[in-house]
Amino acid sequence: MFFFLEFRNSRNFHVIFASAMKKDYTVYPAMIEDREAGIIWSYDNAQVTATFDETHPLVVPASKCDDASFCLWYISSVWQFNDALHTKYALLGEYNKWTVVSRQRFVSITTNTEKTQTTVVVQGVASEPVSIVVYHTTLETQTVNCQLSAAGQANLIITPTTTTCS
């Protein structure tokens with residue numbers, strides 16, 4: 001058994017689930033209708049990310065994703081800022097959730113026309129603490145702690161040099 005889930009909020013986020021595999025299987029971005037490079041990580045080892053593109057596909061091992069267990073990977077597209085270093089970043093979401101990037105939590109993702117700042121509107125329960133993971137080529141993978149307002153929202157601001165929540 002093998003399937004993909006997809007979430008688009010002006011960006012691509014995918015979930016790949018595999019279980020009861022009889023043979024190894026290789027997944028390329030084009031197979032999940034994604035033409036952009038991405039970052040991929042496994043639910044059981046979220047601290048290790050890797051490039052996911054046509055030259056770095058995901059190999060789904062039948063020996064690991066068998067009748068007795070399942071495998072789950074998350075993929076987030078990588079975007080680039082218009083700065084001197086062409087800084088790249090990806091929203092990796094909430095590692096403590098099964099759906100790390102959901103429409104209910106991340107209601108909008110907008111990048112300004114200059115491509116120097118991205119704002120992610122985070123939504124939830126009033127005054128809820130939320131830990132969000134962002135991959136950033138100059139800042140590495142980092143966790144940003146947000147405290148949602150009394151109205152239940154916060155803005156995650158990503159720039160080439162900082163990631164903050166307000």
# chains A, B, ... in the order shown; residues from 1 in each chain; ligands from 1
call {"tool": "closest_atom_pairs", "arguments": {"of": "range 38-107 of chain A", "to": "range 9-25 of chain A", "cutoff": "7 Å", "atoms": "only C-alpha atoms", "output": "Markdown table"}}
result
| residue | atom | partner | partner_atom | distance |
| --- | --- | --- | --- | --- |
| A:Val59 | CA | A:Tyr25 | CA | 5.8 |
| A:Val60 | CA | A:Tyr25 | CA | 5.0 |
| A:Pro61 | CA | A:Asp24 | CA | 4.7 |
| A:Ala62 | CA | A:Met21 | CA | 4.8 |
| A:Cys65 | CA | A:Ser19 | CA | 4.8 |
| A:Asp66 | CA | A:Ala20 | CA | 4.2 |
| A:Asp67 | CA | A:Ala20 | CA | 4.2 |
| A:Ser69 | CA | A:Ser19 | CA | 6.4 |
| A:Phe70 | CA | A:Ser19 | CA | 4.5 |
| A:Cys71 | CA | A:Ala18 | CA | 5.1 |
| A:Leu72 | CA | A:Phe17 | CA | 4.6 |
| A:Trp73 | CA | A:Ile16 | CA | 5.1 |
| A:Tyr74 | CA | A:Val15 | CA | 4.7 |
| A:Ile75 | CA | A:His14 | CA | 5.0 |
| A:Ser76 | CA | A:Phe13 | CA | 4.7 |
| A:Ser77 | CA | A:Asn12 | CA | 5.5 |
call {"tool": "residues_around", "arguments": {"residues": "Ala46 in chain A", "least_positions_apart": "2", "cutoff": "12 Å", "atoms": "only C-alpha atoms", "output": "number ranges by chain"}}
result
A: 39-44, 48-50, 72-75, 92-98, 100, 133, 135, 141
call {"tool": "write_last_selection", "arguments": {"atoms": "C-alpha atoms", "output": "PDB file, in the first residue's frame"}}
result
ATOM      1  CA  ILE A  39      13.039  19.065   1.842  1.00  0.00           C
ATOM      2  CA  ILE A  40      12.021  15.587   3.023  1.00  0.00           C
ATOM      3  CA  TRP A  41      12.057  13.998   6.469  1.00  0.00           C
ATOM      4  CA  SER A  42      10.638  10.934   8.155  1.00  0.00           C
ATOM      5  CA  TYR A  43       8.109  10.983  10.987  1.00  0.00           C
ATOM      6  CA  ASP A  44      10.400   8.766  13.074  1.00  0.00           C
ATOM      7  CA  VAL A  48      17.279  14.655   9.759  1.00  0.00           C
ATOM      8  CA  THR A  49      16.236  16.431   6.571  1.00  0.00           C
ATOM      9  CA  ALA A  50      17.370  15.721   3.033  1.00  0.00           C
ATOM     10  CA  LEU A  72       5.612   8.183   6.779  1.00  0.00           C
ATOM     11  CA  TRP A  73       7.513  11.028   5.133  1.00  0.00           C
ATOM     12  CA  TYR A  74       6.776  14.729   4.850  1.00  0.00           C
ATOM     13  CA  ILE A  75       7.866  16.946   1.969  1.00  0.00           C
ATOM     14  CA  LEU A  92       8.447  22.282   7.961  1.00  0.00           C
ATOM     15  CA  GLY A  93       5.529  22.883  10.318  1.00  0.00           C
ATOM     16  CA  GLU A  94       4.789  21.290  13.678  1.00  0.00           C
ATOM     17  CA  TYR A  95       6.833  18.156  14.359  1.00  0.00           C
ATOM     18  CA  ASN A  96       4.518  17.084  17.171  1.00  0.00           C
ATOM     19  CA  LYS A  97       1.513  16.667  14.809  1.00  0.00           C
ATOM     20  CA  TRP A  98       0.630  13.903  12.339  1.00  0.00           C
ATOM     21  CA  VAL A 100       2.775  18.889  10.193  1.00  0.00           C
ATOM     22  CA  VAL A 133      10.031  24.400  12.483  1.00  0.00           C
ATOM     23  CA  TYR A 135      14.390  25.173   7.295  1.00  0.00           C
ATOM     24  CA  THR A 141      16.674  24.206  10.713  1.00  0.00           C
TER      25      THR A 141
END
call {"tool": "select_by_dssp", "arguments": {"residues": "range 1-152 of chain A", "states": "helix (DSSP H, G or I)", "output": "compact mmCIF listing (two decimals) with C-alpha atoms, in the first residue's frame"}}
result
# COMPACT_ATOMS: atom_id res chain seq x y z
CA PRO A 29 8.84 14.68 -7.37
CA ALA A 30 7.16 14.36 -10.78
CA MET A 31 5.29 11.29 -9.50
CA ILE A 32 3.50 13.45 -6.93
call {"tool": "atom_distance", "arguments": {"atom1": "CA of Gly38 in chain A", "atom2": "CA of Pro129 in chain A"}}
result
27.3 Å
call {"tool": "residues_around", "arguments": {"residues": "Thr110 in chain A", "least_positions_apart": "4", "cutoff": "7 Å", "atoms": "only C-alpha atoms", "output": "list in words"}}
result
Thr118, Thr119 and Val120 of chain A
call {"tool": "select_by_dssp", "arguments": {"residues": "range 54-145 of chain A", "states": "strand (DSSP E or B)", "output": "NGL selection string"}}
result
:A and (56 or 58-60 or 70-77 or 79-80 or 88-93 or 106-111 or 118-123 or 129-136 or 142-145)
call {"tool": "residues_around", "arguments": {"residues": "Val130 in chain A", "least_positions_apart": "4", "cutoff": "7 Å", "atoms": "only C-alpha atoms", "output": "PDB file with N, CA and C atoms, in the first residue's frame"}}
result
ATOM      1  N   ASN A 145       9.153  29.542  18.507  1.00  0.00           N
ATOM      2  CA  ASN A 145       8.017  29.432  19.425  1.00  0.00           C
ATOM      3  C   ASN A 145       7.125  30.647  19.272  1.00  0.00           C
ATOM      4  N   CYS A 146       5.859  30.379  18.977  1.00  0.00           N
ATOM      5  CA  CYS A 146       4.864  31.440  18.810  1.00  0.00           C
ATOM      6  C   CYS A 146       3.835  31.332  19.935  1.00  0.00           C
ATOM      7  N   GLN A 147       3.400  32.468  20.391  1.00  0.00           N
ATOM      8  CA  GLN A 147       2.282  32.521  21.334  1.00  0.00           C
ATOM      9  C   GLN A 147       1.141  33.182  20.575  1.00  0.00           C
TER      10      GLN A 147
END
call {"tool": "closest_residue", "arguments": {"among": "A:Cys165, A:Ile109, A:Val125, A:Leu58", "to": "Ala150 in chain A", "atoms": "only C-alpha atoms"}}
result
A:Val125
call {"tool": "closest_residue", "arguments": {"among": "A:Thr26, A:Glu33, A:Leu156, A:Asp83", "to": "Thr55 in chain A", "atoms": "only C-alpha atoms"}}
result
A:Thr26
call {"tool": "closest_residue", "arguments": {"among": "A:Thr87, A:Thr164, A:Ser108, A:Ser102", "to": "Thr138 in chain A", "atoms": "only C-alpha atoms"}}
result
A:Thr87
call {"tool": "closest_residue", "arguments": {"among": "A:Val27, A:Thr116, A:Ala37, A:Ile158", "to": "Leu85 in chain A", "atoms": "only C-alpha atoms"}}
result
A:Thr116
